[in-house]
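> Pasting a structure here, questions to come.
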Amino acid sequence: MRRIKLTLLEPGMKIARPVYAGDGRLLLASGLTLTEKFIERLAALGIGSLYIEDVLFPGKLNVRDVVSEKTRSESILLVKECFRNLEKEKNINTWAVRQTVNELADEIFSNRDILINYFDIRTYDDYTFDHSVNVTILSVLAGISLGYNRLDLRELATGALLHDIGKVSVDKKILNKKGKLTPEEFKQIQQHSLAGFEKLRSYYEITTLSSTISYQHHERIDGSGYPRGLKGEEIHEYARIVMVADVFDALTSDRPYRSAYTITEAFGIVKELEPTFDSKSITAVLSNISPYPIGSIVMLNTGQIGQVVDTHKKDPAKPIVRIYFDRDLKYMEFPYEIDIYKSEFDLYIEKSLNDEEIAKLNDEAKFLIRA
Ligand SMILES: [Fe+2]
């Protein structure tokens, strides 16, 4: 199986992994054959990509998740509920926040040896809620890498999960605007940091440090951020982590004004964010994400092409690859696996193949298989 962009889907392709909506509802079960109508519906739902069965890469994949589908959708629902309550001028249910945060943080802690496979399939409408949960997962893992204890992790998770809650005070039309923002509109968006901080700190159950994440997540180390233009260590460590996680997740998502960057591109961009972002936090966040997620198709420096089937936390750039195409691009009916991390040869991944390159490979290989 293999993940493919929605625009490259064709009727007749078979779904290899179930597709869920942002709230955890099952949209399409695995094994289902796509029709023109299904593809149209997926596009209407804003789904960017999904896993299909592929004759060239027939092996099953064991994608391990840091957070279970159940915990993820419960967390998304909780963020949604917090936003809805504030919109209706009701209170946030801080008891529910605590329950969910504890569950989420503890689950991430017990799965801390797993690298994140950034292969999310998400619906567009739910961006803010889904994004908040992704930012929390990235931040908590970074916190674990930095040696935080469970209490610190929960405090960090609470602030990360609700970091954008101030957006309830911003006009939705501005938030979802496709074109460039006017200075006045940008000013309005900027107000979400302070608005979020003020809302959160009015609850005694939410610590000031958790609330500070909302206040400071758009500050930048060199003082170029907002709302106060704080510099370096004036910005709390929690906020320095969340700002990196926030940018990484935003880059890998489709937005109204641009389509998502690939994981490799996002890695490249985030690595270059110093000195605007904190280097310790950049390293901590990136060390927990697989630059070549399970399922991606990669080319080795030897010219061999294969699919990533597992990853090593010790060296995220050196996964286990199932080789399907030999160095002369001959398709192998009986693929073999190479563990780059353990290999005694000087092996590394040259590049990830994009959907267009894989489609080309497919055409050539199908021709070869037939021949
Ligand atoms: Fe924000």
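Letters A, B, ... go to the chains of the structure tokens in the order shown; residues in each chain start at 1; ligands are counted from 1 in the same order.
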For the strand (DSSP E or B) assignment from backbone DSSP, which residues of region 28-232 of chain A qualify? Please present them as a list in words.

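Taking region 28-232 of chain A and keeping strand (DSSP E or B) only, one gets Leu28, Thr33, Ser49, Leu50, Tyr51, Ile52 and Ile116 of chain A.
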
> Those residues with N, CA and C atoms, as an mmCIF file, in the first residue's frame please?


data_model
loop_
_atom_site.group_PDB
_atom_site.id
_atom_site.type_symbol
_atom_site.label_atom_id
_atom_site.label_comp_id
_atom_site.auth_asym_id
_atom_site.auth_seq_id
_atom_site.Cartn_x
_atom_site.Cartn_y
_atom_site.Cartn_z
ATOM 1 N N LEU A 28 -14.564 6.140 5.248
ATOM 2 C CA LEU A 28 -14.412 5.071 4.264
ATOM 3 C C LEU A 28 -13.654 3.916 4.902
ATOM 4 N N THR A 33 -13.573 -0.033 -2.964
ATOM 5 C CA THR A 33 -13.058 0.426 -4.257
ATOM 6 C C THR A 33 -13.600 1.815 -4.558
ATOM 7 N N SER A 49 -5.260 13.446 1.152
ATOM 8 C CA SER A 49 -4.586 12.250 0.658
ATOM 9 C C SER A 49 -5.086 11.022 1.408
ATOM 10 N N LEU A 50 -4.844 9.840 0.850
ATOM 11 C CA LEU A 50 -5.197 8.615 1.571
ATOM 12 C C LEU A 50 -4.357 7.432 1.113
ATOM 13 N N TYR A 51 -4.444 6.326 1.853
ATOM 14 C CA TYR A 51 -3.673 5.130 1.522
ATOM 15 C C TYR A 51 -4.452 4.253 0.550
ATOM 16 N N ILE A 52 -3.785 3.836 -0.524
ATOM 17 C CA ILE A 52 -4.429 2.927 -1.466
ATOM 18 C C ILE A 52 -3.577 1.661 -1.599
ATOM 19 N N ILE A 116 7.071 9.996 15.228
ATOM 20 C CA ILE A 116 5.792 10.396 14.644
ATOM 21 C C ILE A 116 5.819 10.158 13.143
#

> Please return as a VMD selection string the residues found within 7 Å of ligand 1, counting only C-alpha atoms and all ligand atoms.

chain A and resid 163 to 164 192 to 193 217 to 218

> May I have the selected residues written with C-alpha atoms, as an mmCIF file, in the first residue's frame?


data_model
loop_
_atom_site.group_PDB
_atom_site.id
_atom_site.type_symbol
_atom_site.label_atom_id
_atom_site.label_comp_id
_atom_site.auth_asym_id
_atom_site.auth_seq_id
_atom_site.Cartn_x
_atom_site.Cartn_y
_atom_site.Cartn_z
ATOM 1 C CA HIS A 163 -2.792 27.935 22.488
ATOM 2 C CA ASP A 164 -5.083 29.311 19.770
ATOM 3 C CA HIS A 192 -5.718 36.159 19.486
ATOM 4 C CA SER A 193 -2.577 35.687 21.636
ATOM 5 C CA HIS A 217 3.482 31.533 20.913
ATOM 6 C CA HIS A 218 3.862 34.207 18.199
#

> Looking at only C-alpha atoms, which of A:Thr262, A:Gln190, A:Thr7, A:Ser214 is the one that sits closest to Asp249 (chain A)?

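Of A:Thr262, A:Gln190, A:Thr7, A:Ser214, the one nearest Asp249 (chain A) is A:Thr262, counting only C-alpha atoms.
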
> In Å to one decimal, how far is CA of Ser30 (chain A) from CA of Glu53 (chain A)?

9.5 Å

> For Gly147 (chain A), which residue among A:Ile305, A:Phe109, A:Lys351, A:Trp95 is the nearest when counting only C-alpha atoms?

A:Phe109

> When you count only C-alpha atoms, which of these residues is closest to Glu87 (chain A): A:Pro227, A:Pro293, A:Gly179, A:Gly166?

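Checking each of A:Pro227, A:Pro293, A:Gly179, A:Gly166 against Glu87 (chain A), counting only C-alpha atoms, the winner is A:Gly166.
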
> In terms of the shortest atom-to-atom distance over only C-alpha atoms, which of A:Asp54, A:Asp130, A:Glu333, A:Glu36 is closest to Leu77 (chain A)?

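Ranking A:Asp54, A:Asp130, A:Glu333, A:Glu36 by distance to Leu77 (chain A), first place goes to A:Asp130.
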
> Looking at A:Leu78, A:Val55, A:Ala160, A:Ile323, which one is nearest to Ser210 (chain A), with distances taken over only C-alpha atoms?

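Checking each of A:Leu78, A:Val55, A:Ala160, A:Ile323 against Ser210 (chain A), counting only C-alpha atoms, the winner is A:Ala160.
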
> So what do you get for CA of Tyr261 (chain A) versus CA of Ser224 (chain A), distance-wise?

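Spanning CA of Tyr261 (chain A) to CA of Ser224 (chain A) is a straight-line distance of 24.0 Å.
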
> For Glu205 (chain A), find every residue with an atom within 10 Å (counting only C-alpha atoms), except residues of its own chain fewer than 5 positions away, and show them as a list in words.

Thr94, Trp95, Val97, Arg98 and Leu200 of chain A

> For Tyr238 (chain A), which of A:Asp346, A:Glu81, A:Glu265, A:Asp278 is the closest residue, counting only C-alpha atoms?

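The answer is A:Asp278, which sits nearest to Tyr238 (chain A).
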
> Apply DSSP to the backbone of this structure and, from region 160-297 of chain A, keep only the residues in alpha helix (DSSP H); write these as JSON, numbers by chain.

{"A": [160, 161, 172, 173, 174, 175, 183, 184, 185, 186, 187, 188, 189, 190, 191, 192, 193, 194, 195, 196, 197, 198, 199, 200, 201, 208, 209, 210, 211, 212, 213, 214, 215, 216, 237, 238, 239, 240, 241, 242, 243, 244, 245, 246, 247, 248, 249, 250, 251, 263, 264, 265, 266, 267, 268, 269, 270, 271, 279, 280, 281, 282, 283, 284, 285, 286]}

> Would you list the contacts of region 309-314 of chain A as number ranges by chain, taking every protein, DNA or RNA residue within 7 Å and counting only C-alpha atoms, but skipping same-chain residues closer than 4 positions in sequence?

A: 61, 113-115, 294-295, 318-322

> Report as a ChimeraX atom specification all protein, DNA and RNA residues lying within 9 Å of Glu107 (chain A), evaluated on only C-alpha atoms, omitting residues in the same chain fewer than 2 positions from it.

/A:66-68,71,102-105,109-112

> Between CA of Glu185 (chain A) and CA of Ala245 (chain A), what distance in Å does the model show, to one decimal?

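Here the two named atoms are 24.4 Å from each other.
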